[in-house]
Each structure stands twice: as structure tokens, then as C-alpha cells.
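Student: Structure in C-alpha cells, see below.
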Amino acid sequence: MYDNFKEFLTKEIQDIRDAGLYKEERIIVSPQGAEITLESGQKVLNFCANNYLGLSNHPELVKAAKEGLDHHGYGMSSVRFICGTTDLHKKLEQKIAEFFGTEDTILYAAAFDANGGVFEPLLTEQDAIISDALNHASIIDGVRLCKAQRFRYKSADMEDLKEQLKAAKDARFKVIVTDSVFSMDGHVPDVKRIVELANQYGAMVMLDESHSAGVVGKTGRGATELYDVRGQVELITGTLGKSFGGAIGGFTTGKKEIIEMLRQRSRPYLFSNSLPPMVVNAGIRMFEMMTETNELQDKLHQNTDYFLSKMTDAGFDIRPTQSAICAVMLYDAKLSQDMAAKLLDEGIYVIGFYYPVVAKGLARIRVQLSAAHTREHLDKTIAAFIKVGKELKVIK
Ligand SMILES: *Cc1c(COP(=O)(O)O)cnc(C)c1O
């Protein structure tokens, strides 16, 4: 039987290769950081990690992880409601709620699970989800698992959101759901307006703060800080896998009755293992650090401003951004790949994105800034962009 299936897969995989869409994985042999070592031995500056605050290998978090390991052991061997809840899990949930100004938090193995498990326990066919067209794959999957009516609005388009809210007016409960940062451009939707429209049309709001938490807003509290609507959204999902240390873990935080219901009915929570104590303990330390000082957030914002202004001055076409994502527009798919390859030769690791990851004709290189980057790292990268950009006639 497998022969037929093997033949089928081999052909499909070849089709992926022929379409130029095969994803290769570059192997890193050092910890994640501003400077990394590739398997070839080449040392490069990393500008494509979600390591926004530079915490992926931060000594404080490594220490806290070791302490968690020493005190609470390696694994939990259980889901939360059987015997997988420690004092550490409860403490981290509380820290996350304090950080976002919410009432309670539920942890998951990943944000993918948080989004996958949030809609189905809360909404039925009587209800409606009004979803941004560019929302993350995990939100789309979560919506699919739920019987609620679906309405989609043009990304970040508040007029279209209004139309969709009108179309959904007969639904019992309505939830507007959006990413807080769109990861290919780096922009933040107008969350203030979303909250206004939600109030006007009797809807609730859910934000996925995975790319914005730790980054957006003066203290990195995310889109609700940027738009001054803290405490005014019902639900926030997020990840521990980006700014917050980059290990693993996700969460939903918000109104306490919602969180209580998710603990009863959310399938990825009920039927999947509890986070390991070392990750949870490092998470607690991480949120403590974020309240003790704003140093990392300030550094990230300075780095982002510096990079954006120097690149714009050099003549590069940069998408408007309010996050640490900087999309250097090249429009042409092959050019984006050639430019990324030449930058790697210069010791700069960035990724070129093209259709279908972004719209046709909108190929780009996405640069992700980090608090771990030094001024020297930034200057070297800007110089490499200018050199390669001139060679490839992207800039004059
Ligand atoms: C990265 C990301 C996720 C998934 O996070 P994991 O914790 O890695 O599963 C979900 N939503 C958005 C918007 C993301 O950027």
C-alpha cells in the first residue's frame, strides 16, 4: 500500500520544489542570539529571529530555568487538571494577567493551541466571529473548529469591519479577532477604533499579541498600551516563544469567567501536557524583569528607530511599521532571494519573502530588530544593505 502513497508524496514534494516553495532549514550550532554560528562555521548577525528583547539566551532566564529544574524537576507527566498544576504555573498565570492588565490567564503548550482552543468552547452557531483577513494560521484553524458564523474583513480596514459587524448583527454574541502586529509588514491595526466599533455594535474583542507583546507600546504591554485601551478588550492571546524568552508556551488572558470556562472546556488545555517547570520558572523571572526595568524595551525602540531612519535615508523603500519588524520592499521575488543570499555572504542573516507568503509582486526582505543588537551590529547591517542594494540596483 505504501508504494502508491510514496509515489504520490514524492510527486507532490517535487511540485513544491518546482514551484520554488520548498522550505530549507538552516542549521545553527550556537545558542540563539544577535550573533549566531551556522553549521558551516560561518558566524552571522541574526536579523530574522523573534528574539525582540534579546532574552532567548539571557543569563537571568537560563539561571531561573535551572532553578525551576532543580526545585520542581524536569517534566509534569500530566495535563493541568489531573496533576500537572504547580505553584509555578499559577504564579506565571498571575504574572501574565498583571502584565496585560487582565483578570486571569490560562497557559497552553503554545499560542497555536491557545488560538486553536479559544473559540469552540465559547461560541456556537448562534454566534459570530468577525476576523481580519490576514490573521495568523492558528486563529484561522481555531475559527474552523468552531460552529460560529464567520465574517471576514479586509485587513486592518475599519470601514469593512463596520460592514461586517452590520452583516453579523443578528448573532447572539459577536467577537472581533485580530493580530496586534501583522508579521509581514509590522503594522498595528487601529485597536482604538476596533474597541469603539465593538462597543457600538455590541461585540467583544480578541487580540493576538504574539508579535506585539514586549515590543509595542512604551513598556511593551502591546497594542492595548499603544492605543490606550488597557482593560477594554475581553481576550488576549500570546506566546512565550517570541519576545518573552523564546522557549515555548502560549496563553489566553482576559475576563475571568472566560478563562474559567476555557479551563473546563478548551481541548488543547484539557488533553495536552502541562508546560515544564523550567520554562514556567523562567517565564516568571522574565515578567519580573519586565516590571523592574524598561531597559530592554527602550533599547529595542532605539534600535528600531535608528535602523528605520538610516535605511530610509539610504533610499530603501520601507513599509510603515509600529513594531520591530521592518519590511524592505523589493517587489520582485528573485531579487528578494538574491539580495538575502548576498547579505548572508556579508554575514547578515535575513530572509526574503515572496508569494504566496506575501501578495504577488510584493516581495521583500523582513528585518527583525532586537534589544540584543549593538550599535555596531546595526551599522554593519546597514552598510551591508547599502553595498548589496547598490550592486543590485535597489538603491542609487
Ligand atoms: C508566532 C505566532 C503564533 C504561534 O505562537 P506559538 O507559541 O509558537 O505557537 C500565534 N499567533 C501569532 C500572531 C504569531 O505571530
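Labels used: A, B, ... for chains in the order of the C-alpha cells, numbers from 1 for residues in each chain, and numbers from 1 for ligands as shown.
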Please list as a PyMOL selection string every residue within 12 Å of A:Ser323, counting only C-alpha atoms and excluding residues in the same chain fewer than 3 positions away.

Tutor: chain A and resi 50+52+180-189+209-218+220+222-223+226+243+297+300-305+308+319-320+326-327+367-370

Student: Which residues sit within 6 Å of ligand 1, counting only C-alpha atoms and all ligand atoms, listed as a PyMOL selection string?

Tutor: chain A and resi 110-112+136+138+179+208+210-211+239+241+249-250

Student: Take the selection from the previous step and output its residues with all heavy atoms, as a PDB file, in the first residue's frame.

Tutor:
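Saved result, out13.pdb, follows:
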```
ATOM      1  N   ALA A 110       1.440  26.178  23.562  1.00  0.00           N
ATOM      2  CA  ALA A 110       1.859  27.129  22.524  1.00  0.00           C
ATOM      3  C   ALA A 110       0.706  28.080  22.238  1.00  0.00           C
ATOM      4  O   ALA A 110      -0.448  27.767  22.537  1.00  0.00           O
ATOM      5  CB  ALA A 110       2.245  26.390  21.245  1.00  0.00           C
ATOM      6  N   ALA A 111       1.017  29.229  21.635  1.00  0.00           N
ATOM      7  CA  ALA A 111      -0.046  30.147  21.208  1.00  0.00           C
ATOM      8  C   ALA A 111      -0.913  29.493  20.135  1.00  0.00           C
ATOM      9  O   ALA A 111      -2.093  29.788  20.018  1.00  0.00           O
ATOM     10  CB  ALA A 111       0.546  31.447  20.686  1.00  0.00           C
ATOM     11  N   PHE A 112      -0.303  28.603  19.373  1.00  0.00           N
ATOM     12  CA  PHE A 112      -1.085  27.877  18.369  1.00  0.00           C
ATOM     13  C   PHE A 112      -2.249  27.143  19.041  1.00  0.00           C
ATOM     14  O   PHE A 112      -3.376  27.121  18.533  1.00  0.00           O
ATOM     15  CB  PHE A 112      -0.191  26.887  17.603  1.00  0.00           C
ATOM     16  CG  PHE A 112      -0.671  26.630  16.200  1.00  0.00           C
ATOM     17  CD1 PHE A 112      -0.036  27.227  15.117  1.00  0.00           C
ATOM     18  CD2 PHE A 112      -1.778  25.827  15.959  1.00  0.00           C
ATOM     19  CE1 PHE A 112      -0.496  27.014  13.821  1.00  0.00           C
ATOM     20  CE2 PHE A 112      -2.238  25.618  14.662  1.00  0.00           C
ATOM     21  CZ  PHE A 112      -1.597  26.208  13.593  1.00  0.00           C
ATOM     22  N   HIS A 136      -3.325  35.220  11.776  1.00  0.00           N
ATOM     23  CA  HIS A 136      -2.401  34.083  11.854  1.00  0.00           C
ATOM     24  C   HIS A 136      -3.116  32.748  11.608  1.00  0.00           C
ATOM     25  O   HIS A 136      -4.290  32.591  11.962  1.00  0.00           O
ATOM     26  CB  HIS A 136      -1.772  34.083  13.253  1.00  0.00           C
ATOM     27  CG  HIS A 136      -0.630  33.128  13.400  1.00  0.00           C
ATOM     28  ND1 HIS A 136      -0.783  31.865  13.935  1.00  0.00           N
ATOM     29  CD2 HIS A 136       0.681  33.245  13.082  1.00  0.00           C
ATOM     30  CE1 HIS A 136       0.395  31.264  13.951  1.00  0.00           C
ATOM     31  NE2 HIS A 136       1.302  32.078  13.444  1.00  0.00           N
ATOM     32  N   SER A 138      -3.109  30.039  13.094  1.00  0.00           N
ATOM     33  CA  SER A 138      -3.697  29.372  14.263  1.00  0.00           C
ATOM     34  C   SER A 138      -5.076  29.945  14.600  1.00  0.00           C
ATOM     35  O   SER A 138      -5.947  29.230  15.102  1.00  0.00           O
ATOM     36  CB  SER A 138      -2.762  29.486  15.469  1.00  0.00           C
ATOM     37  OG  SER A 138      -2.422  30.837  15.726  1.00  0.00           O
ATOM     38  N   ASP A 179      -4.849  39.948  14.776  1.00  0.00           N
ATOM     39  CA  ASP A 179      -3.443  40.027  15.194  1.00  0.00           C
ATOM     40  C   ASP A 179      -3.177  41.472  15.626  1.00  0.00           C
ATOM     41  O   ASP A 179      -3.718  42.397  15.015  1.00  0.00           O
ATOM     42  CB  ASP A 179      -2.504  39.726  14.014  1.00  0.00           C
ATOM     43  CG  ASP A 179      -2.397  38.249  13.662  1.00  0.00           C
ATOM     44  OD1 ASP A 179      -3.253  37.460  14.111  1.00  0.00           O
ATOM     45  OD2 ASP A 179      -1.467  37.900  12.908  1.00  0.00           O
ATOM     46  N   ASP A 208      -4.536  38.978  19.284  1.00  0.00           N
ATOM     47  CA  ASP A 208      -3.405  38.061  19.383  1.00  0.00           C
ATOM     48  C   ASP A 208      -2.155  38.928  19.472  1.00  0.00           C
ATOM     49  O   ASP A 208      -1.741  39.532  18.480  1.00  0.00           O
ATOM     50  CB  ASP A 208      -3.369  37.138  18.169  1.00  0.00           C
ATOM     51  CG  ASP A 208      -2.213  36.143  18.233  1.00  0.00           C
ATOM     52  OD1 ASP A 208      -1.253  36.396  18.992  1.00  0.00           O
ATOM     53  OD2 ASP A 208      -2.267  35.127  17.522  1.00  0.00           O
ATOM     54  N   SER A 210       0.924  38.060  20.004  1.00  0.00           N
ATOM     55  CA  SER A 210       2.162  37.268  19.896  1.00  0.00           C
ATOM     56  C   SER A 210       3.372  38.083  19.418  1.00  0.00           C
ATOM     57  O   SER A 210       4.459  37.958  19.973  1.00  0.00           O
ATOM     58  CB  SER A 210       1.954  36.084  18.954  1.00  0.00           C
ATOM     59  OG  SER A 210       1.081  35.150  19.536  1.00  0.00           O
ATOM     60  N   HIS A 211       3.179  38.891  18.368  1.00  0.00           N
ATOM     61  CA  HIS A 211       4.318  39.657  17.832  1.00  0.00           C
ATOM     62  C   HIS A 211       4.455  41.031  18.476  1.00  0.00           C
ATOM     63  O   HIS A 211       5.440  41.718  18.260  1.00  0.00           O
ATOM     64  CB  HIS A 211       4.159  39.875  16.324  1.00  0.00           C
ATOM     65  CG  HIS A 211       4.845  38.847  15.501  1.00  0.00           C
ATOM     66  ND1 HIS A 211       6.223  38.728  15.433  1.00  0.00           N
ATOM     67  CD2 HIS A 211       4.357  37.874  14.707  1.00  0.00           C
ATOM     68  CE1 HIS A 211       6.532  37.737  14.622  1.00  0.00           C
ATOM     69  NE2 HIS A 211       5.421  37.194  14.169  1.00  0.00           N
ATOM     70  N   THR A 239       2.219  34.449  23.080  1.00  0.00           N
ATOM     71  CA  THR A 239       3.187  33.352  23.109  1.00  0.00           C
ATOM     72  C   THR A 239       4.341  33.659  24.052  1.00  0.00           C
ATOM     73  O   THR A 239       4.706  34.830  24.239  1.00  0.00           O
ATOM     74  CB  THR A 239       3.737  33.084  21.684  1.00  0.00           C
ATOM     75  OG1 THR A 239       4.655  31.993  21.726  1.00  0.00           O
ATOM     76  CG2 THR A 239       4.469  34.301  21.119  1.00  0.00           C
ATOM     77  N   GLY A 241       7.034  32.246  23.143  1.00  0.00           N
ATOM     78  CA  GLY A 241       8.043  31.823  22.163  1.00  0.00           C
ATOM     79  C   GLY A 241       8.655  32.947  21.338  1.00  0.00           C
ATOM     80  O   GLY A 241       9.454  32.685  20.450  1.00  0.00           O
ATOM     81  N   GLY A 249       5.470  27.919  24.783  1.00  0.00           N
ATOM     82  CA  GLY A 249       4.324  28.190  25.661  1.00  0.00           C
ATOM     83  C   GLY A 249       3.438  29.273  25.092  1.00  0.00           C
ATOM     84  O   GLY A 249       3.894  30.147  24.356  1.00  0.00           O
ATOM     85  N   GLY A 250       2.161  29.175  25.408  1.00  0.00           N
ATOM     86  CA  GLY A 250       1.201  30.185  24.960  1.00  0.00           C
ATOM     87  C   GLY A 250       0.201  30.447  26.059  1.00  0.00           C
ATOM     88  O   GLY A 250       0.204  29.757  27.091  1.00  0.00           O
TER      89      GLY A 250
END
```

Student: Using only C-alpha atoms, pick whichever of A:Asp3, A:Ser274, A:Met204, A:Val350 has the shortest atom-to-atom distance to A:Arg26.

Tutor: A:Val350

Student: Tell me, as a PDB file with N, CA and C atoms, in the first residue's frame, which residues lie within 12 Å of A:Leu69, counting only C-alpha atoms; anything in the same chain fewer than 2 positions away does not count.

Tutor:
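Generated file (part29.pdb):
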```
ATOM      1  N   VAL A  62      18.262  31.754  31.944  1.00  0.00           N
ATOM      2  CA  VAL A  62      18.928  30.447  31.998  1.00  0.00           C
ATOM      3  C   VAL A  62      19.036  30.011  33.464  1.00  0.00           C
ATOM      4  N   LYS A  63      19.380  30.968  34.319  1.00  0.00           N
ATOM      5  CA  LYS A  63      19.503  30.683  35.754  1.00  0.00           C
ATOM      6  C   LYS A  63      18.140  30.276  36.342  1.00  0.00           C
ATOM      7  N   ALA A  64      17.107  31.045  36.006  1.00  0.00           N
ATOM      8  CA  ALA A  64      15.771  30.740  36.528  1.00  0.00           C
ATOM      9  C   ALA A  64      15.292  29.380  36.015  1.00  0.00           C
ATOM     10  N   ALA A  65      15.624  29.052  34.773  1.00  0.00           N
ATOM     11  CA  ALA A  65      15.231  27.750  34.221  1.00  0.00           C
ATOM     12  C   ALA A  65      15.910  26.628  35.007  1.00  0.00           C
ATOM     13  N   LYS A  66      17.204  26.832  35.323  1.00  0.00           N
ATOM     14  CA  LYS A  66      17.941  25.808  36.094  1.00  0.00           C
ATOM     15  C   LYS A  66      17.348  25.643  37.485  1.00  0.00           C
ATOM     16  N   GLU A  67      16.977  26.761  38.096  1.00  0.00           N
ATOM     17  CA  GLU A  67      16.366  26.685  39.432  1.00  0.00           C
ATOM     18  C   GLU A  67      15.029  25.945  39.383  1.00  0.00           C
ATOM     19  N   HIS A  71      14.263  22.607  41.549  1.00  0.00           N
ATOM     20  CA  HIS A  71      13.202  22.571  42.573  1.00  0.00           C
ATOM     21  C   HIS A  71      12.010  21.713  42.196  1.00  0.00           C
ATOM     22  N   HIS A  72      11.643  21.761  40.910  1.00  0.00           N
ATOM     23  CA  HIS A  72      10.377  21.138  40.503  1.00  0.00           C
ATOM     24  C   HIS A  72      10.556  20.024  39.475  1.00  0.00           C
ATOM     25  N   GLY A  73      11.807  19.704  39.152  1.00  0.00           N
ATOM     26  CA  GLY A  73      12.055  18.578  38.256  1.00  0.00           C
ATOM     27  C   GLY A  73      11.869  18.906  36.785  1.00  0.00           C
ATOM     28  N   TYR A  74      11.977  17.885  35.963  1.00  0.00           N
ATOM     29  CA  TYR A  74      12.068  18.062  34.513  1.00  0.00           C
ATOM     30  C   TYR A  74      10.705  18.180  33.837  1.00  0.00           C
ATOM     31  N   GLY A  75       9.822  17.204  34.090  1.00  0.00           N
ATOM     32  CA  GLY A  75       8.547  17.207  33.363  1.00  0.00           C
ATOM     33  C   GLY A  75       7.373  17.045  34.300  1.00  0.00           C
ATOM     34  N   MET A  76       6.178  17.326  33.800  1.00  0.00           N
ATOM     35  CA  MET A  76       4.974  17.231  34.638  1.00  0.00           C
ATOM     36  C   MET A  76       4.217  15.916  34.421  1.00  0.00           C
ATOM     37  N   LEU A  88       4.127  27.129  40.491  1.00  0.00           N
ATOM     38  CA  LEU A  88       4.769  27.951  39.467  1.00  0.00           C
ATOM     39  C   LEU A  88       3.790  28.292  38.345  1.00  0.00           C
ATOM     40  N   PRO A 276       6.679  22.443  31.151  1.00  0.00           N
ATOM     41  CA  PRO A 276       7.691  22.006  32.120  1.00  0.00           C
ATOM     42  C   PRO A 276       8.086  23.139  33.077  1.00  0.00           C
ATOM     43  N   PRO A 277       8.365  22.802  34.338  1.00  0.00           N
ATOM     44  CA  PRO A 277       8.668  23.798  35.360  1.00  0.00           C
ATOM     45  C   PRO A 277       9.807  24.755  34.998  1.00  0.00           C
ATOM     46  N   MET A 278      10.810  24.281  34.280  1.00  0.00           N
ATOM     47  CA  MET A 278      11.930  25.195  33.979  1.00  0.00           C
ATOM     48  C   MET A 278      11.472  26.333  33.080  1.00  0.00           C
ATOM     49  N   VAL A 279      10.590  26.026  32.140  1.00  0.00           N
ATOM     50  CA  VAL A 279      10.070  27.051  31.239  1.00  0.00           C
ATOM     51  C   VAL A 279       9.183  28.020  32.021  1.00  0.00           C
ATOM     52  N   VAL A 280       8.387  27.468  32.916  1.00  0.00           N
ATOM     53  CA  VAL A 280       7.458  28.292  33.686  1.00  0.00           C
ATOM     54  C   VAL A 280       8.230  29.193  34.649  1.00  0.00           C
ATOM     55  N   ASN A 281       9.245  28.653  35.297  1.00  0.00           N
ATOM     56  CA  ASN A 281      10.016  29.460  36.245  1.00  0.00           C
ATOM     57  C   ASN A 281      10.779  30.580  35.531  1.00  0.00           C
ATOM     58  N   ALA A 282      11.321  30.264  34.359  1.00  0.00           N
ATOM     59  CA  ALA A 282      11.994  31.314  33.577  1.00  0.00           C
ATOM     60  C   ALA A 282      10.976  32.375  33.142  1.00  0.00           C
TER      61      ALA A 282
END
```

Student: DSSP on the backbone, helix (DSSP H, G or I) only: what residues of stretch 295-381 of chain A does that give? Format it as a PyMOL selection string.

Tutor: chain A and resi 295-313+333-345+375-381

Student: Write out as a PyMOL selection string the residues lying within 12 Å of A:Leu362, counting only C-alpha atoms and excluding same-chain residues fewer than 3 positions away.

Tutor: chain A and resi 184-185+317-319+327-336+352-359+365-366

Student: Keeping only C-alpha atoms, write the selected residues to a file as a CSV table (one decimal), in the first residue's frame.

Tutor:
```
chain,number,residue,atom,x,y,z
A,184,MET,CA,4.9,40.6,7.2
A,185,ASP,CA,4.6,44.5,7.4
A,317,ASP,CA,11.5,51.6,0.5
A,318,ILE,CA,10.3,50.5,3.9
A,319,ARG,CA,6.7,49.6,4.8
A,327,ALA,CA,9.9,45.2,5.6
A,328,VAL,CA,12.5,46.3,3.0
A,329,MET,CA,10.4,46.3,-0.2
A,330,LEU,CA,11.9,44.8,-3.3
A,331,TYR,CA,8.7,43.7,-5.1
A,332,ASP,CA,10.5,41.1,-7.3
A,333,ALA,CA,10.6,37.6,-5.9
A,334,LYS,CA,14.0,36.6,-7.4
A,335,LEU,CA,15.6,39.9,-6.3
A,336,SER,CA,14.5,39.2,-2.7
A,352,GLY,CA,13.4,37.3,1.6
A,353,PHE,CA,9.7,36.6,1.5
A,354,TYR,CA,7.6,36.4,-1.7
A,355,TYR,CA,4.3,35.0,-3.0
A,356,PRO,CA,2.4,33.1,-1.5
A,357,VAL,CA,3.7,34.3,1.9
A,358,VAL,CA,3.1,37.9,0.8
A,359,ALA,CA,0.9,39.1,-2.0
A,365,ILE,CA,13.3,41.3,3.0
A,366,ARG,CA,12.0,41.2,6.5
```
